[in-house]
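Chemist: Right, I'll just put the structure down here and ask away after.
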Amino acid sequence: MQGKVASKQNAAPVYVGVDVCKEWLDIHLHPLGRDLRLANGKAGLQALKRLLRGLQPALIVMEATGKFHRMAHRSLHESGFPVAIVDPYRARMFARACGHLA
């Protein structure tokens with residue numbers, strides 16, 4: 001493959017998992033295996049959006065956590081990212097069915 005640039009179309013899609021709490025956004029990038037923690041506020045969301053623009057994620061998934069996920073969800077959605085909110089109980093039961101503790 002000398003002199004040729006690999007196409008991004010062949011790359012595996014990136015999925016983003018966001019665990020939301022009052023102060024933090026814990027983020028996991030799959031299949032990149034990257035984890036990071038950002039503040040759950042405007043500055044943290046701006047940093048997250050800068051990172052995600054380069055990755056073009058197929059989907060961002062976050063658990064519904066009362067009111068703490070709302071700002072992140074709105075901000076990402078308004079910026080054009082595909083975002084899904086999942087029920088924490090269902091996510092927990094799915095993990096349990098797969099044999100995972102968390």
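Following the order of the structure tokens, first chain is A, next is B, and so on, with residues numbered from 1 inside each chain and ligands from 1 in the order they appear.
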Could you give me, as number ranges by chain, the residues within 12 Å of A:His77, counting only C-alpha atoms and dropping anything in the same chain fewer than 4 positions from it?
Modeler: A: 45, 49, 59-61, 70-73, 81-85
Chemist: Just write the chosen residues, all heavy atoms, as a JSON list (two decimals), in the first residue's frame.
Modeler:
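Contents of out21.json, freshly written:
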```
[["chain", "number", "residue", "atom", "x", "y", "z"],
["A", 45, "LEU", "N", -18.00, 20.09, 28.34],
["A", 45, "LEU", "CA", -18.76, 19.76, 27.13],
["A", 45, "LEU", "C", -18.07, 20.29, 25.88],
["A", 45, "LEU", "O", -18.07, 19.63, 24.83],
["A", 45, "LEU", "CB", -20.19, 20.27, 27.23],
["A", 45, "LEU", "CG", -21.07, 19.49, 28.20],
["A", 45, "LEU", "CD1", -22.39, 20.20, 28.42],
["A", 45, "LEU", "CD2", -21.31, 18.08, 27.68],
["A", 49, "LYS", "N", -16.89, 17.94, 22.80],
["A", 49, "LYS", "CA", -17.32, 18.15, 21.42],
["A", 49, "LYS", "C", -16.12, 18.33, 20.48],
["A", 49, "LYS", "O", -16.15, 17.84, 19.36],
["A", 49, "LYS", "CB", -18.27, 19.35, 21.34],
["A", 49, "LYS", "CG", -19.63, 19.04, 21.93],
["A", 49, "LYS", "CD", -20.65, 20.09, 21.65],
["A", 49, "LYS", "CE", -20.50, 21.26, 22.56],
["A", 49, "LYS", "NZ", -21.61, 22.24, 22.42],
["A", 59, "LEU", "N", -22.62, 6.73, 17.45],
["A", 59, "LEU", "CA", -23.65, 6.94, 18.47],
["A", 59, "LEU", "C", -23.00, 7.28, 19.80],
["A", 59, "LEU", "O", -21.96, 6.73, 20.15],
["A", 59, "LEU", "CB", -24.51, 5.68, 18.62],
["A", 59, "LEU", "CG", -25.71, 5.76, 19.57],
["A", 59, "LEU", "CD1", -26.72, 6.81, 19.10],
["A", 59, "LEU", "CD2", -26.37, 4.41, 19.69],
["A", 60, "ILE", "N", -23.63, 8.18, 20.53],
["A", 60, "ILE", "CA", -23.25, 8.52, 21.90],
["A", 60, "ILE", "C", -24.37, 8.04, 22.79],
["A", 60, "ILE", "O", -25.53, 8.38, 22.58],
["A", 60, "ILE", "CB", -23.05, 10.03, 22.07],
["A", 60, "ILE", "CG1", -21.99, 10.54, 21.09],
["A", 60, "ILE", "CG2", -22.69, 10.37, 23.51],
["A", 60, "ILE", "CD1", -21.95, 12.04, 20.97],
["A", 61, "VAL", "N", -24.04, 7.22, 23.79],
["A", 61, "VAL", "CA", -25.05, 6.65, 24.68],
["A", 61, "VAL", "C", -24.78, 7.13, 26.09],
["A", 61, "VAL", "O", -23.66, 7.08, 26.57],
["A", 61, "VAL", "CB", -25.01, 5.10, 24.63],
["A", 61, "VAL", "CG1", -26.04, 4.51, 25.58],
["A", 61, "VAL", "CG2", -25.24, 4.61, 23.22],
["A", 70, "ARG", "N", -29.14, 16.14, 31.34],
["A", 70, "ARG", "CA", -29.88, 17.00, 30.39],
["A", 70, "ARG", "C", -29.01, 18.00, 29.64],
["A", 70, "ARG", "O", -29.15, 18.16, 28.43],
["A", 70, "ARG", "CB", -31.00, 17.72, 31.12],
["A", 70, "ARG", "CG", -32.09, 16.78, 31.57],
["A", 70, "ARG", "CD", -33.17, 17.51, 32.29],
["A", 70, "ARG", "NE", -34.12, 16.55, 32.86],
["A", 70, "ARG", "CZ", -34.94, 16.85, 33.83],
["A", 70, "ARG", "NH1", -34.96, 18.05, 34.35],
["A", 70, "ARG", "NH2", -35.77, 15.92, 34.29],
["A", 71, "MET", "N", -28.11, 18.69, 30.35],
["A", 71, "MET", "CA", -27.27, 19.69, 29.68],
["A", 71, "MET", "C", -26.36, 19.02, 28.66],
["A", 71, "MET", "O", -26.22, 19.51, 27.53],
["A", 71, "MET", "CB", -26.44, 20.46, 30.70],
["A", 71, "MET", "CG", -25.57, 21.53, 30.05],
["A", 71, "MET", "SD", -24.71, 22.64, 31.17],
["A", 71, "MET", "CE", -23.83, 21.52, 32.23],
["A", 72, "ALA", "N", -25.77, 17.89, 29.02],
["A", 72, "ALA", "CA", -24.88, 17.18, 28.08],
["A", 72, "ALA", "C", -25.67, 16.70, 26.87],
["A", 72, "ALA", "O", -25.23, 16.86, 25.73],
["A", 72, "ALA", "CB", -24.21, 16.01, 28.78],
["A", 73, "HIS", "N", -26.84, 16.14, 27.11],
["A", 73, "HIS", "CA", -27.68, 15.64, 26.00],
["A", 73, "HIS", "C", -28.05, 16.77, 25.06],
["A", 73, "HIS", "O", -27.89, 16.67, 23.84],
["A", 73, "HIS", "CB", -28.93, 14.96, 26.56],
["A", 73, "HIS", "CG", -29.88, 14.54, 25.50],
["A", 73, "HIS", "ND1", -31.13, 15.09, 25.38],
["A", 73, "HIS", "CD2", -29.76, 13.65, 24.49],
["A", 73, "HIS", "CE1", -31.75, 14.55, 24.35],
["A", 73, "HIS", "NE2", -30.93, 13.67, 23.79],
["A", 81, "PHE", "N", -24.59, 15.73, 17.00],
["A", 81, "PHE", "CA", -24.15, 14.37, 17.32],
["A", 81, "PHE", "C", -25.35, 13.47, 17.59],
["A", 81, "PHE", "O", -26.33, 13.90, 18.20],
["A", 81, "PHE", "CB", -23.25, 14.38, 18.57],
["A", 81, "PHE", "CG", -21.94, 15.07, 18.35],
["A", 81, "PHE", "CD1", -21.70, 16.32, 18.88],
["A", 81, "PHE", "CD2", -20.93, 14.48, 17.61],
["A", 81, "PHE", "CE1", -20.50, 16.97, 18.69],
["A", 81, "PHE", "CE2", -19.72, 15.11, 17.41],
["A", 81, "PHE", "CZ", -19.51, 16.36, 17.95],
["A", 82, "PRO", "N", -25.28, 12.20, 17.16],
["A", 82, "PRO", "CA", -26.37, 11.25, 17.46],
["A", 82, "PRO", "C", -26.26, 10.81, 18.92],
["A", 82, "PRO", "O", -25.24, 10.24, 19.33],
["A", 82, "PRO", "CB", -26.11, 10.10, 16.50],
["A", 82, "PRO", "CG", -24.63, 10.15, 16.23],
["A", 82, "PRO", "CD", -24.24, 11.60, 16.33],
["A", 83, "VAL", "N", -27.30, 11.10, 19.71],
["A", 83, "VAL", "CA", -27.27, 10.81, 21.14],
["A", 83, "VAL", "C", -28.49, 9.96, 21.50],
["A", 83, "VAL", "O", -29.60, 10.24, 21.07],
["A", 83, "VAL", "CB", -27.30, 12.10, 21.98],
["A", 83, "VAL", "CG1", -27.18, 11.79, 23.46],
["A", 83, "VAL", "CG2", -26.21, 13.05, 21.55],
["A", 84, "ALA", "N", -28.25, 8.92, 22.31],
["A", 84, "ALA", "CA", -29.34, 8.07, 22.81],
["A", 84, "ALA", "C", -29.29, 8.08, 24.33],
["A", 84, "ALA", "O", -28.21, 7.96, 24.93],
["A", 84, "ALA", "CB", -29.19, 6.65, 22.29],
["A", 85, "ILE", "N", -30.45, 8.23, 24.94],
["A", 85, "ILE", "CA", -30.57, 8.16, 26.39],
["A", 85, "ILE", "C", -31.16, 6.79, 26.72],
["A", 85, "ILE", "O", -32.17, 6.39, 26.15],
["A", 85, "ILE", "CB", -31.52, 9.26, 26.93],
["A", 85, "ILE", "CG1", -31.07, 10.64, 26.46],
["A", 85, "ILE", "CG2", -31.62, 9.20, 28.44],
["A", 85, "ILE", "CD1", -29.73, 11.07, 26.96]]
```
Chemist: Using only C-alpha atoms, determine which residues lie at most 12 Å from A:Ala91, disregarding the query and same-chain residues fewer than 6 positions distant; provide the list as an mmCIF file with N, CA and C atoms, in the first residue's frame.
Modeler:
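Everything below was put into around-v3.cif:
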```cif
data_model
loop_
_atom_site.group_PDB
_atom_site.id
_atom_site.type_symbol
_atom_site.label_atom_id
_atom_site.label_comp_id
_atom_site.auth_asym_id
_atom_site.auth_seq_id
_atom_site.Cartn_x
_atom_site.Cartn_y
_atom_site.Cartn_z
ATOM 1 N N GLY A 17 -19.654 5.957 25.191
ATOM 2 C CA GLY A 17 -20.465 5.747 26.378
ATOM 3 C C GLY A 17 -20.163 6.838 27.378
ATOM 4 N N ASP A 19 -21.009 8.144 31.244
ATOM 5 C CA ASP A 19 -21.584 7.948 32.568
ATOM 6 C C ASP A 19 -21.652 9.330 33.202
ATOM 7 N N VAL A 61 -24.040 7.219 23.787
ATOM 8 C CA VAL A 61 -25.051 6.646 24.678
ATOM 9 C C VAL A 61 -24.784 7.126 26.093
ATOM 10 N N MET A 62 -25.850 7.593 26.750
ATOM 11 C CA MET A 62 -25.735 7.990 28.157
ATOM 12 C C MET A 62 -26.973 7.558 28.913
ATOM 13 N N GLU A 63 -26.780 7.267 30.197
ATOM 14 C CA GLU A 63 -27.902 6.871 31.042
ATOM 15 C C GLU A 63 -28.672 8.104 31.490
ATOM 16 N N ALA A 64 -29.975 7.940 31.626
ATOM 17 C CA ALA A 64 -30.799 8.995 32.192
ATOM 18 C C ALA A 64 -30.488 9.061 33.682
ATOM 19 N N ILE A 85 -30.448 8.225 24.941
ATOM 20 C CA ILE A 85 -30.575 8.158 26.391
ATOM 21 C C ILE A 85 -31.159 6.786 26.724
ATOM 22 N N ALA A 97 -27.207 -9.873 32.348
ATOM 23 C CA ALA A 97 -27.479 -10.994 31.453
ATOM 24 C C ALA A 97 -26.229 -11.442 30.696
ATOM 25 N N CYS A 98 -25.319 -10.484 30.467
ATOM 26 C CA CYS A 98 -24.060 -10.800 29.779
ATOM 27 C C CYS A 98 -22.999 -11.320 30.752
ATOM 28 N N HIS A 100 -21.718 -9.518 33.369
ATOM 29 C CA HIS A 100 -20.856 -8.444 33.859
ATOM 30 C C HIS A 100 -21.424 -7.877 35.158
ATOM 31 N N LEU A 101 -20.532 -7.514 36.062
ATOM 32 C CA LEU A 101 -20.970 -6.913 37.324
ATOM 33 C C LEU A 101 -21.325 -5.445 37.149
ATOM 34 N N ALA A 102 -20.668 -4.765 36.221
ATOM 35 C CA ALA A 102 -20.942 -3.335 36.016
ATOM 36 C C ALA A 102 -20.953 -3.038 34.531
#
```
Chemist: What is the atom CA of A:Lys67-atom CA of A:Asp87 distance in Å, reported with one decimal?
Modeler: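 Straight-line distance from atom CA of A:Lys67 to atom CA of A:Asp87 works out to 13.4 Å.
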Chemist: Nearest to A:Leu29 among A:Ala58, A:Ala47, A:Val16, A:Met93, with distances taken over only C-alpha atoms: which residue is it?
Modeler: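 Ranking A:Ala58, A:Ala47, A:Val16, A:Met93 by distance to A:Leu29, first place goes to A:Val16.
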Chemist: Looking at A:Arg74, A:Arg90, A:Lys22, A:Arg96, which one is nearest to A:Asn40, with distances taken over only C-alpha atoms?
Modeler: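 Among A:Arg74, A:Arg90, A:Lys22, A:Arg96, it is A:Lys22 that comes nearest to A:Asn40.
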Chemist: Pull the alpha helix (DSSP H) assignments for chain A out of DSSP run on the backbone, and list those residues as a count of residues only.
Modeler: 33
Chemist: Ranking A:Arg92, A:Ala11, A:His28, A:His69 by minimum distance to A:Leu52 and counting only C-alpha atoms, which one comes first?
Modeler: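 The shortest atom-to-atom distance to A:Leu52 comes from A:His28.
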Chemist: How many Å lie between atom CA of A:Gln46 and atom CA of A:Val86, rounded to one decimal?
Modeler: 22.6 Å
Chemist: Atom CA of A:Gly44 to atom CA of A:Cys21: how many Å, to one decimal?
Modeler: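 Distance reported for this atom pair: 12.8 Å.
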Chemist: Between A:Val18, A:Gln56, A:Phe68, A:Glu23, which has the minimum distance to A:Leu36 (counting only C-alpha atoms)?
Modeler: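 Closest to A:Leu36 of all the choices is A:Val18.
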Chemist: Using DSSP on the backbone, list every residue of chain A that comes out as strand (DSSP E or B), and give them as JSON, numbers by chain.
Modeler: {"A": [15, 16, 17, 18, 19, 20, 24, 25, 26, 27, 28, 29, 30, 34, 35, 36, 37, 38, 39, 59, 60, 61, 62, 63, 83, 84, 85, 86]}
Chemist: Take the residues that were just selected and, keeping C-alpha atoms, output them as a tab-separated table (two decimals), in the first residue's frame.
Modeler:
```
chain	number	residue	atom	x	y	z
A	15	TYR	CA	-19.28	4.47	19.91
A	16	VAL	CA	-19.18	6.72	22.95
A	17	GLY	CA	-20.47	5.75	26.38
A	18	VAL	CA	-21.03	8.57	28.87
A	19	ASP	CA	-21.58	7.95	32.57
A	20	VAL	CA	-23.08	11.15	33.95
A	24	TRP	CA	-18.25	14.57	36.08
A	25	LEU	CA	-18.72	12.99	32.68
A	26	ASP	CA	-16.87	9.66	32.54
A	27	ILE	CA	-16.38	8.83	28.87
A	28	HIS	CA	-15.38	5.60	27.14
A	29	LEU	CA	-14.56	5.45	23.43
A	30	HIS	CA	-15.21	2.04	21.87
A	34	ARG	CA	-9.87	5.30	25.57
A	35	ASP	CA	-11.30	6.57	28.86
A	36	LEU	CA	-11.44	10.15	30.07
A	37	ARG	CA	-13.14	12.26	32.71
A	38	LEU	CA	-14.39	15.78	32.05
A	39	ALA	CA	-16.28	18.26	34.17
A	59	LEU	CA	-23.65	6.94	18.47
A	60	ILE	CA	-23.25	8.52	21.90
A	61	VAL	CA	-25.05	6.65	24.68
A	62	MET	CA	-25.73	7.99	28.16
A	63	GLU	CA	-27.90	6.87	31.04
A	83	VAL	CA	-27.27	10.81	21.14
A	84	ALA	CA	-29.34	8.07	22.81
A	85	ILE	CA	-30.57	8.16	26.39
A	86	VAL	CA	-30.97	4.72	27.98
```
